[in-house]
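Asks: What follows is the file input-v3.tsv, containing TSV, C-alpha atoms:
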chain	number	residue	atom	x	y	z
H	1	MET	CA	-8.28	-9.77	-24.88
H	2	VAL	CA	-11.42	-9.77	-22.90
H	3	VAL	CA	-14.15	-10.57	-25.27
H	4	ASP	CA	-11.83	-12.63	-27.42
H	5	TYR	CA	-10.74	-14.61	-24.38
H	6	LEU	CA	-14.28	-14.95	-23.12
H	7	GLY	CA	-15.37	-16.05	-26.55
H	8	ASP	CA	-13.05	-19.05	-26.19
H	9	GLN	CA	-14.30	-19.66	-22.67
H	10	ALA	CA	-17.87	-19.37	-23.85
H	11	ILE	CA	-17.36	-22.20	-26.29
H	12	ALA	CA	-15.62	-24.37	-23.70
H	13	GLN	CA	-17.92	-23.63	-20.77
H	14	ASP	CA	-21.20	-22.76	-22.43
H	15	MET	CA	-21.30	-19.20	-21.19
H	16	ALA	CA	-22.28	-16.02	-22.95
H	17	VAL	CA	-20.63	-12.61	-23.15
H	18	ALA	CA	-22.09	-9.34	-24.34
H	19	CYS	CA	-20.59	-5.89	-24.14
H	20	PHE	CA	-21.49	-2.31	-24.86
H	21	TYR	CA	-19.55	0.95	-24.98
H	22	PHE	CA	-21.29	4.21	-24.28
H	23	ASP	CA	-19.86	7.16	-26.13
H	24	PHE	CA	-20.69	10.87	-25.92
H	25	ALA	CA	-20.37	11.20	-29.67
H	26	SER	CA	-23.06	8.55	-30.23
H	27	ARG	CA	-25.28	9.39	-27.31
H	28	GLU	CA	-28.38	10.22	-29.35
H	29	ALA	CA	-28.27	6.86	-31.14
H	30	GLN	CA	-27.50	4.95	-27.93
H	31	THR	CA	-31.05	4.87	-26.63
H	32	PRO	CA	-32.07	2.23	-24.06
H	33	THR	CA	-33.89	0.31	-26.79
H	34	ASN	CA	-30.88	0.31	-29.10
H	35	MET	CA	-28.47	-0.44	-26.25
H	36	LEU	CA	-30.42	-3.35	-24.79
H	37	GLY	CA	-31.24	-4.49	-28.32
H	38	SER	CA	-27.51	-4.63	-29.04
H	39	LEU	CA	-26.93	-6.81	-25.97
H	40	LEU	CA	-29.80	-9.11	-26.98
H	41	LYS	CA	-28.42	-9.30	-30.49
H	42	GLN	CA	-25.03	-10.40	-29.17
H	43	LEU	CA	-26.58	-12.97	-26.83
H	44	LEU	CA	-28.55	-14.51	-29.68
H	45	SER	CA	-25.83	-14.24	-32.28
H	46	GLY	CA	-24.19	-17.54	-33.04
H	47	LEU	CA	-26.87	-19.67	-31.42
H	48	GLY	CA	-28.27	-20.61	-34.82
H	49	VAL	CA	-31.77	-20.27	-33.43
H	50	ILE	CA	-34.01	-17.35	-32.51
H	51	PRO	CA	-36.79	-17.21	-29.92
H	52	VAL	CA	-40.09	-17.82	-31.70
H	53	GLU	CA	-41.59	-14.77	-30.01
H	54	ILE	CA	-38.99	-12.52	-31.63
H	55	VAL	CA	-39.36	-14.15	-35.04
H	56	GLU	CA	-43.13	-13.66	-34.93
H	57	LYS	CA	-42.81	-10.02	-33.89
H	58	PHE	CA	-40.24	-9.35	-36.59
H	59	ARG	CA	-42.39	-10.85	-39.31
H	60	GLY	CA	-45.52	-9.19	-37.93
H	61	GLN	CA	-44.02	-5.70	-37.85
H	62	LYS	CA	-43.17	-5.90	-41.54
H	63	ARG	CA	-46.89	-5.60	-42.24
H	64	VAL	CA	-46.91	-2.23	-40.47
H	65	ILE	CA	-46.12	0.75	-42.66
H	66	GLY	CA	-42.55	1.81	-41.91
H	67	GLY	CA	-42.02	-1.22	-39.68
H	68	ARG	CA	-42.00	-1.28	-35.90
H	69	ARG	CA	-39.19	-1.93	-33.43
H	70	LEU	CA	-39.37	-4.29	-30.49
H	71	LYS	CA	-40.46	-2.48	-27.32
H	72	LEU	CA	-37.92	-1.95	-24.55
H	73	SER	CA	-39.98	-4.03	-22.14
H	74	ASP	CA	-39.98	-6.93	-24.61
H	75	ILE	CA	-36.22	-6.65	-25.11
H	76	VAL	CA	-35.56	-6.62	-21.37
H	77	LYS	CA	-37.84	-9.61	-20.83
H	78	MET	CA	-36.12	-11.50	-23.61
H	79	CYS	CA	-32.65	-10.62	-22.27
H	80	ALA	CA	-33.64	-11.94	-18.85
H	81	THR	CA	-34.95	-15.16	-20.37
H	82	VAL	CA	-32.02	-15.79	-22.68
H	83	THR	CA	-29.46	-15.12	-19.92
H	84	SER	CA	-31.21	-17.54	-17.57
H	85	PHE	CA	-30.05	-20.60	-19.43
H	86	ARG	CA	-26.31	-20.20	-19.06
H	87	PRO	CA	-23.81	-18.08	-17.12
H	88	THR	CA	-23.65	-14.69	-18.78
H	89	PHE	CA	-21.35	-11.69	-18.44
H	90	ILE	CA	-22.66	-8.31	-19.52
H	91	CYS	CA	-19.98	-5.63	-19.68
H	92	VAL	CA	-20.83	-1.95	-20.07
H	93	ASP	CA	-18.17	0.71	-20.46
H	94	ALA	CA	-18.47	4.45	-19.75
H	95	LEU	CA	-21.94	4.41	-18.26
H	96	ASP	CA	-21.49	8.11	-17.45
H	97	GLU	CA	-21.52	8.86	-21.19
H	98	CYS	CA	-25.10	7.64	-21.45
H	99	VAL	CA	-27.72	10.41	-21.53
H	100	PRO	CA	-28.87	10.84	-17.89
H	101	ARG	CA	-32.55	10.19	-18.61
H	102	HIS	CA	-31.59	7.09	-20.56
H	103	ARG	CA	-29.26	5.92	-17.83
H	104	LEU	CA	-32.13	5.59	-15.38
H	105	GLU	CA	-33.96	3.33	-17.82
H	106	VAL	CA	-30.83	1.33	-18.54
H	107	LEU	CA	-30.11	0.77	-14.84
H	108	ASP	CA	-33.72	-0.26	-14.29
H	109	ALA	CA	-33.39	-2.75	-17.15
H	110	PHE	CA	-30.14	-4.12	-15.68
H	111	GLY	CA	-31.89	-4.56	-12.34
H	112	GLN	CA	-34.71	-6.52	-13.96
H	113	ILE	CA	-32.28	-8.77	-15.82
H	114	LEU	CA	-30.20	-9.48	-12.70
H	115	HIS	CA	-33.34	-10.17	-10.68
H	116	LYS	CA	-34.75	-12.65	-13.15
H	117	SER	CA	-31.46	-14.20	-14.17
H	118	PRO	CA	-29.33	-15.22	-11.15
H	119	SER	CA	-26.52	-16.60	-13.28
H	120	THR	CA	-25.86	-13.22	-14.91
H	121	ARG	CA	-23.11	-10.86	-13.80
H	122	MET	CA	-22.67	-7.24	-14.81
H	123	PHE	CA	-19.42	-5.34	-15.01
H	124	MET	CA	-19.67	-1.58	-15.48
H	125	THR	CA	-17.27	1.32	-15.64
H	126	GLY	CA	-17.95	5.03	-15.29
H	127	ARG	CA	-16.87	8.27	-13.70
H	128	SER	CA	-17.19	8.77	-9.98
H	129	HIS	CA	-20.16	11.12	-10.07
H	130	ILE	CA	-22.61	8.41	-11.15
H	131	ARG	CA	-21.64	5.99	-8.41
H	132	GLY	CA	-24.62	6.95	-6.26
H	133	GLU	CA	-26.97	6.62	-9.21
H	134	VAL	CA	-25.68	3.12	-9.99
H	135	GLU	CA	-25.93	2.00	-6.39
H	136	ARG	CA	-29.42	3.41	-6.01
H	137	GLY	CA	-30.52	1.88	-9.29
H	138	LEU	CA	-29.21	-1.60	-8.59
H	139	GLY	CA	-29.54	-1.61	-4.81
H	140	GLU	CA	-27.76	-4.29	-2.81
H	141	ARG	CA	-26.80	-6.18	-5.95
H	142	ALA	CA	-24.15	-3.57	-6.73
H	143	ILE	CA	-20.70	-3.23	-5.30
H	144	SER	CA	-18.38	-0.39	-6.30
H	145	ILE	CA	-14.65	-0.18	-6.48
H	146	SER	CA	-12.48	2.87	-7.05
H	147	ILE	CA	-10.05	2.78	-9.95
H	148	VAL	CA	-6.97	4.96	-9.56
H	149	SER	CA	-3.76	5.31	-11.52
H	150	ARG	CA	-1.00	3.44	-9.73
H	151	HIS	CA	2.68	4.21	-10.10
H	152	ASP	CA	3.59	0.71	-11.23
H	153	ASP	CA	0.82	0.78	-13.86
H	154	ILE	CA	1.98	4.17	-15.12
H	155	GLY	CA	5.56	2.89	-15.24
H	156	THR	CA	4.48	-0.16	-17.25
H	157	TYR	CA	2.55	2.08	-19.64
H	158	LEU	CA	5.47	4.50	-20.06
H	159	ARG	CA	7.91	1.69	-20.84
H	160	ALA	CA	5.50	0.27	-23.42
H	161	ARG	CA	5.17	3.67	-25.06
H	162	LEU	CA	8.93	4.24	-25.07
H	163	ARG	CA	9.43	0.88	-26.79
H	164	LYS	CA	7.26	2.23	-29.61
H	165	ASP	CA	9.31	5.40	-29.96
H	166	THR	CA	9.61	6.25	-33.64
H	167	THR	CA	13.11	7.70	-33.14
H	168	PRO	CA	14.84	4.91	-31.21
H	169	ASP	CA	18.33	6.11	-32.16
H	170	ALA	CA	17.80	9.17	-30.00
H	171	MET	CA	17.07	7.01	-26.94
H	172	ASP	CA	19.49	5.43	-24.53
H	173	GLY	CA	19.23	3.93	-21.07
H	174	PHE	CA	20.09	7.17	-19.35
H	175	LEU	CA	17.44	9.19	-21.20
H	176	GLU	CA	14.81	6.49	-20.66
H	177	ASN	CA	15.48	6.38	-16.92
H	178	ASP	CA	15.40	10.18	-16.80
H	179	ILE	CA	12.02	10.27	-18.55
H	180	MET	CA	10.61	7.60	-16.25
H	181	LYS	CA	11.89	9.36	-13.12
H	182	ASN	CA	10.64	12.80	-14.12
H	183	VAL	CA	7.22	11.76	-15.35
H	184	LEU	CA	6.49	9.67	-12.27
H	185	GLU	CA	7.65	12.49	-10.00
H	186	LYS	CA	5.50	15.03	-11.85
H	187	ILE	CA	2.46	12.79	-11.57
H	188	SER	CA	2.98	12.50	-7.83
H	189	GLU	CA	3.20	16.28	-7.53
H	190	THR	CA	0.33	17.25	-9.79
H	191	TYR	CA	-2.21	14.46	-9.73
H	192	VAL	CA	-5.43	15.77	-8.27
H	193	PRO	CA	-8.64	13.80	-8.75
H	194	VAL	CA	-11.17	15.77	-10.79
H	195	GLU	CA	-14.90	15.33	-10.58
H	196	ARG	CA	-16.79	16.28	-13.73
H	197	PRO	CA	-20.52	15.96	-13.17
H	198	GLU	CA	-22.66	16.53	-16.22
H	199	SER	CA	-25.10	18.63	-14.27
H	200	PRO	CA	-25.62	19.76	-10.67
H	201	CYS	CA	-28.38	17.15	-10.35
H	202	GLU	CA	-25.80	14.44	-10.88
H	203	LEU	CA	-23.58	15.46	-7.99
H	204	TYR	CA	-23.21	12.62	-5.60
H	205	THR	CA	-22.24	12.98	-1.98
H	206	ASP	CA	-20.74	9.88	-0.47
H	207	THR	CA	-22.13	9.62	3.05
R	208	MET	CA	-39.91	-26.71	-36.28
R	209	SER	CA	-39.33	-24.94	-32.98
R	210	ARG	CA	-38.07	-26.49	-29.78
R	211	ALA	CA	-38.46	-25.64	-26.14
R	212	PHE	CA	-35.42	-24.69	-24.09
R	213	THR	CA	-35.90	-24.83	-20.36
R	214	GLU	CA	-33.36	-25.57	-17.70
R	215	ASN	CA	-32.43	-25.19	-14.07
R	216	ILE	CA	-29.17	-23.34	-13.65
R	217	ASN	CA	-26.85	-24.06	-10.74
R	218	SER	CA	-29.67	-24.96	-8.36
R	219	PHE	CA	-31.57	-21.74	-9.02
R	220	ASN	CA	-35.16	-22.34	-9.94
R	221	VAL	CA	-35.51	-20.95	-13.39
R	222	SER	CA	-39.00	-21.42	-14.64
R	223	ASN	CA	-38.48	-19.64	-17.93
R	224	THR	CA	-39.33	-21.58	-21.03
R	225	ILE	CA	-38.37	-20.26	-24.39
R	226	PHE	CA	-39.21	-21.66	-27.79
R	227	LEU	CA	-36.40	-21.41	-30.27
R	228	THR	CA	-36.48	-21.85	-34.00
R	229	PRO	CA	-33.99	-21.68	-36.84
R	230	ALA	CA	-34.72	-18.66	-39.01
R	231	ASP	CA	-33.61	-18.15	-42.59
R	232	ASP	CA	-33.81	-14.42	-41.99
R	233	GLU	CA	-31.73	-14.54	-38.77
R	234	SER	CA	-29.32	-11.80	-39.87
R	235	LYS	CA	-32.21	-9.47	-40.71
R	236	ILE	CA	-33.87	-10.20	-37.38
R	237	LEU	CA	-30.67	-9.49	-35.44
R	238	ALA	CA	-30.14	-6.25	-37.36
R	239	TRP	CA	-33.73	-5.29	-36.55
R	240	LEU	CA	-33.07	-5.72	-32.82
R	241	SER	CA	-30.51	-2.90	-32.87
R	242	PRO	CA	-28.52	-0.92	-35.43
R	243	LEU	CA	-25.62	-0.58	-32.99
R	244	GLU	CA	-22.45	-2.65	-33.19
R	245	ALA	CA	-20.01	-3.03	-30.30
R	246	HIS	CA	-17.06	-4.49	-32.13
R	247	VAL	CA	-15.62	-1.22	-33.51
R	248	ARG	CA	-14.91	0.36	-30.13
R	249	HIS	CA	-13.81	-3.03	-28.85
R	250	GLN	CA	-11.13	-3.20	-31.52
R	251	ASP	CA	-9.91	0.32	-30.68
R	252	ILE	CA	-9.38	-0.63	-27.05
R	253	CYS	CA	-7.73	-3.93	-27.97
R	254	ASP	CA	-5.25	-2.09	-30.16
R	255	GLN	CA	-4.34	0.53	-27.56
R	256	ARG	CA	-4.20	-1.57	-24.44
R	257	VAL	CA	-0.89	-2.40	-22.70
R	258	ASP	CA	-0.70	-5.85	-21.12
R	259	GLY	CA	-0.08	-6.13	-17.41
R	260	ILE	CA	-1.76	-2.94	-16.27
R	261	GLY	CA	-4.46	-3.13	-13.61
R	262	GLY	CA	-3.76	-6.61	-12.32
R	263	TRP	CA	-4.24	-5.39	-8.76
R	264	LEU	CA	-7.97	-5.21	-9.36
R	265	LEU	CA	-8.14	-8.98	-9.55
R	266	GLU	CA	-6.86	-9.31	-6.00
R	267	THR	CA	-9.40	-7.03	-4.36
R	268	LYS	CA	-12.10	-8.56	-2.20
R	269	GLU	CA	-14.76	-6.67	-4.18
R	270	PHE	CA	-13.68	-8.28	-7.40
R	271	ARG	CA	-13.28	-11.72	-5.87
R	272	GLY	CA	-16.70	-11.56	-4.24
R	273	TRP	CA	-18.31	-10.60	-7.52
R	274	TYR	CA	-16.37	-13.06	-9.62
R	275	ASN	CA	-16.63	-16.14	-7.45
R	276	PHE	CA	-20.15	-16.83	-8.65
R	277	SER	CA	-18.51	-18.66	-11.51
R	278	LYS	CA	-17.36	-21.31	-9.10
R	279	ASN	CA	-20.27	-21.68	-6.71
R	280	GLY	CA	-23.15	-20.06	-8.53
R	281	ARG	CA	-23.91	-17.55	-5.79
R	282	SER	CA	-22.74	-14.11	-4.83
R	283	ASP	CA	-24.19	-11.27	-2.80
R	284	HIS	CA	-23.16	-8.81	-5.47
R	285	THR	CA	-24.06	-9.53	-9.06
R	286	ALA	CA	-23.02	-6.13	-10.39
R	287	LEU	CA	-19.54	-4.61	-10.10
R	288	PHE	CA	-19.12	-0.91	-10.81
R	289	CYS	CA	-15.59	0.37	-11.36
R	290	TYR	CA	-15.52	4.13	-10.99
R	291	GLY	CA	-12.80	6.70	-11.31
R	292	ASP	CA	-11.67	9.96	-12.80
R	293	PRO	CA	-11.17	10.56	-16.50
R	294	GLY	CA	-8.02	8.99	-17.86
R	295	VAL	CA	-7.26	6.54	-15.04
R	296	GLY	CA	-7.76	3.59	-17.38
R	297	LYS	CA	-11.23	2.26	-16.52
R	298	SER	CA	-11.97	1.16	-20.05
R	299	TYR	CA	-8.71	-0.75	-20.22
R	300	MET	CA	-9.13	-2.21	-16.77
R	301	TRP	CA	-12.08	-4.26	-17.78
R	302	TYR	CA	-9.97	-6.04	-20.32
R	303	GLU	CA	-7.58	-6.99	-17.58
R	304	ARG	CA	-10.49	-8.28	-15.57
R	305	LEU	CA	-12.08	-10.18	-18.38
R	306	SER	CA	-8.87	-11.83	-19.44
R	307	ALA	CA	-8.27	-13.04	-15.91
R	308	GLY	CA	-8.35	-16.71	-16.80
R	309	ASP	CA	-4.58	-16.94	-16.84
R	310	LYS	CA	-4.48	-15.72	-13.24
R	311	GLY	CA	-6.57	-18.46	-11.75
R	312	TYR	CA	-10.01	-17.04	-12.35
R	313	TYR	CA	-12.30	-18.27	-14.96
R	314	CYS	CA	-15.36	-16.87	-16.60
Could you render the structure from this file as structure tokens?
Replies:
Amino acid sequence: MVVDYLGDQAIAQDMAVACFYFDFASREAQTPTNMLGSLLKQLLSGLGVIPVEIVEKFRGQKRVIGGRRLKLSDIVKMCATVTSFRPTFICVDALDECVPRHRLEVLDAFGQILHKSPSTRMFMTGRSHIRGEVERGLGERAISISIVSRHDDIGTYLRARLRKDTTPDAMDGFLENDIMKNVLEKISETYVPVERPESPCELYTDT
Amino acid sequence: MSRAFTENINSFNVSNTIFLTPADDESKILAWLSPLEAHVRHQDICDQRVDGIGGWLLETKEFRGWYNFSKNGRSDHTALFCYGDPGVGKSYMWYERLSAGDKGYYC
């Protein structure tokens, strides 16, 4: 698995991996500060040491009533610094599930990190309607690629699911082939790409 | 006692200097940075993913151009955005990408 595999590679090749998953259900908690803070936390975790600047701010904020979080600008600066010292992969899933106003801040933060840290690479996924936003936010650093369901992938998935059938006695080669044939044919007949922008402002026209 | 950590990476001029220190309260400091944890969703995707799906992505020129930085330290594109419709498997694709070491890539 990705992060598991990269964890092994990180040890062998002195590289870092951090990931984040946006989720509609958690969108209020997934603020830019919390999101970038989570990445910074992962990048620092396991090092056994903490940047002095962070330690001082942590201990200083405890004297403030109710405490005080690190500012987004400080987190971004620290992410850029920490990722400068070794190759780093930052992986972000479902960027479209980030609140739109937060997404602009997040993309700006990514741009700053990539600018200051040339050995960092970002991998992002999201629905089609935010492609323009990502490309505008990251400029020439970004390249996009369309992900579509392919017949051979669907076939592989179907076979894997059929192997986990909880009533295997009811299955035989004929029925399995029939299911495979019919499902793949139906997908060919009915598959129509669907765009689901969150708001009219998010519509993107590919020119 | 803190120590400075400064380094040039792959011929890029990195002038950042950072002072690092062991901290007895490291776990509290890391928790203070963010209350969010990524490992729960990660485990969900690990459990549901089917091996062998999405390998075609690794052969695209977009992916290769982005990924090759690992070997030569430079790339025109430092950010790769995989976009698609709901349900096409984007979240599972990135696992295929990231576990690409057995296909000749390395991270």
Asks: Write out as a ChimeraX atom specification every residue belonging to chain H that has an atom at most 7 Å from any atom of chain R, counting all atoms listed in the file.
Replies: /H:1-2,5-6,9,19-21,34,37-38,41,48-52,58,70,81,84-86,93,119,121-128,131,140-149,153,156-157,160,193-195
Asks: What is the CA of Lys186 in chain H to CA of Gly173 in chain H distance in Å?
Replies: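 CA of Lys186 in chain H sits 19.9 Å away from CA of Gly173 in chain H.
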Asks: Box for range 62-67 of chain H - axis-aligned, 4 Å on each of the six sides, all listed atoms - centre and size in Å to one decimal, as JSON.
Replies:
{"center_x": -44.5, "center_y": -2.0, "center_z": -41.2, "size_x": 12.9, "size_y": 15.7, "size_z": 11.0}
Asks: Restricting the calculation to only C-alpha atoms: of H:Leu175, H:Ile65, H:Leu47, H:Val106, which residue gets closest to Asp14 in chain H?
Replies: H:Leu47
Asks: Do a neighbour search on Gly137 in chain H at 9 Å with only C-alpha atoms, toss out local chain neighbours closer than 5 positions, and write the hits as JSON, numbers by chain.
Replies: {"H": [104, 107, 108, 110, 111, 132, 142]}
Asks: Please measure the separation of CA of Asp251 in chain R and CA of Met15 in chain H, giving the value in Å to one decimal.
Replies: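 A separation of 24.5 Å between them.
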Asks: Between CA of Val99 in chain H and CA of Arg27 in chain H, what is the distance in Å, rounded to a tenth?
Replies: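 These atoms are spaced 6.4 Å apart.
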Asks: Rank H:Lys57, H:Arg103, H:Arg63, H:Arg69 by their smallest atom-to-atom distance to Gln30 in chain H, using all atoms listed in the file, and report the top residue only.
Replies: H:Arg103
Asks: Please, which residues are within 9 Å of (-22.8, 11.1, -22.3) by the file's coordinates, counting all atoms listed in the file, and could they come as a CSV table (one decimal) with C-alpha atoms, keeping the file's coordinate frame?
Replies:
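Saved the output as selection19.csv:
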chain,number,residue,atom,x,y,z
H,22,PHE,CA,-21.3,4.2,-24.3
H,23,ASP,CA,-19.9,7.2,-26.1
H,24,PHE,CA,-20.7,10.9,-25.9
H,25,ALA,CA,-20.4,11.2,-29.7
H,26,SER,CA,-23.1,8.6,-30.2
H,27,ARG,CA,-25.3,9.4,-27.3
H,94,ALA,CA,-18.5,4.4,-19.8
H,95,LEU,CA,-21.9,4.4,-18.3
H,96,ASP,CA,-21.5,8.1,-17.4
H,97,GLU,CA,-21.5,8.9,-21.2
H,98,CYS,CA,-25.1,7.6,-21.4
H,99,VAL,CA,-27.7,10.4,-21.5
H,100,PRO,CA,-28.9,10.8,-17.9
H,198,GLU,CA,-22.7,16.5,-16.2
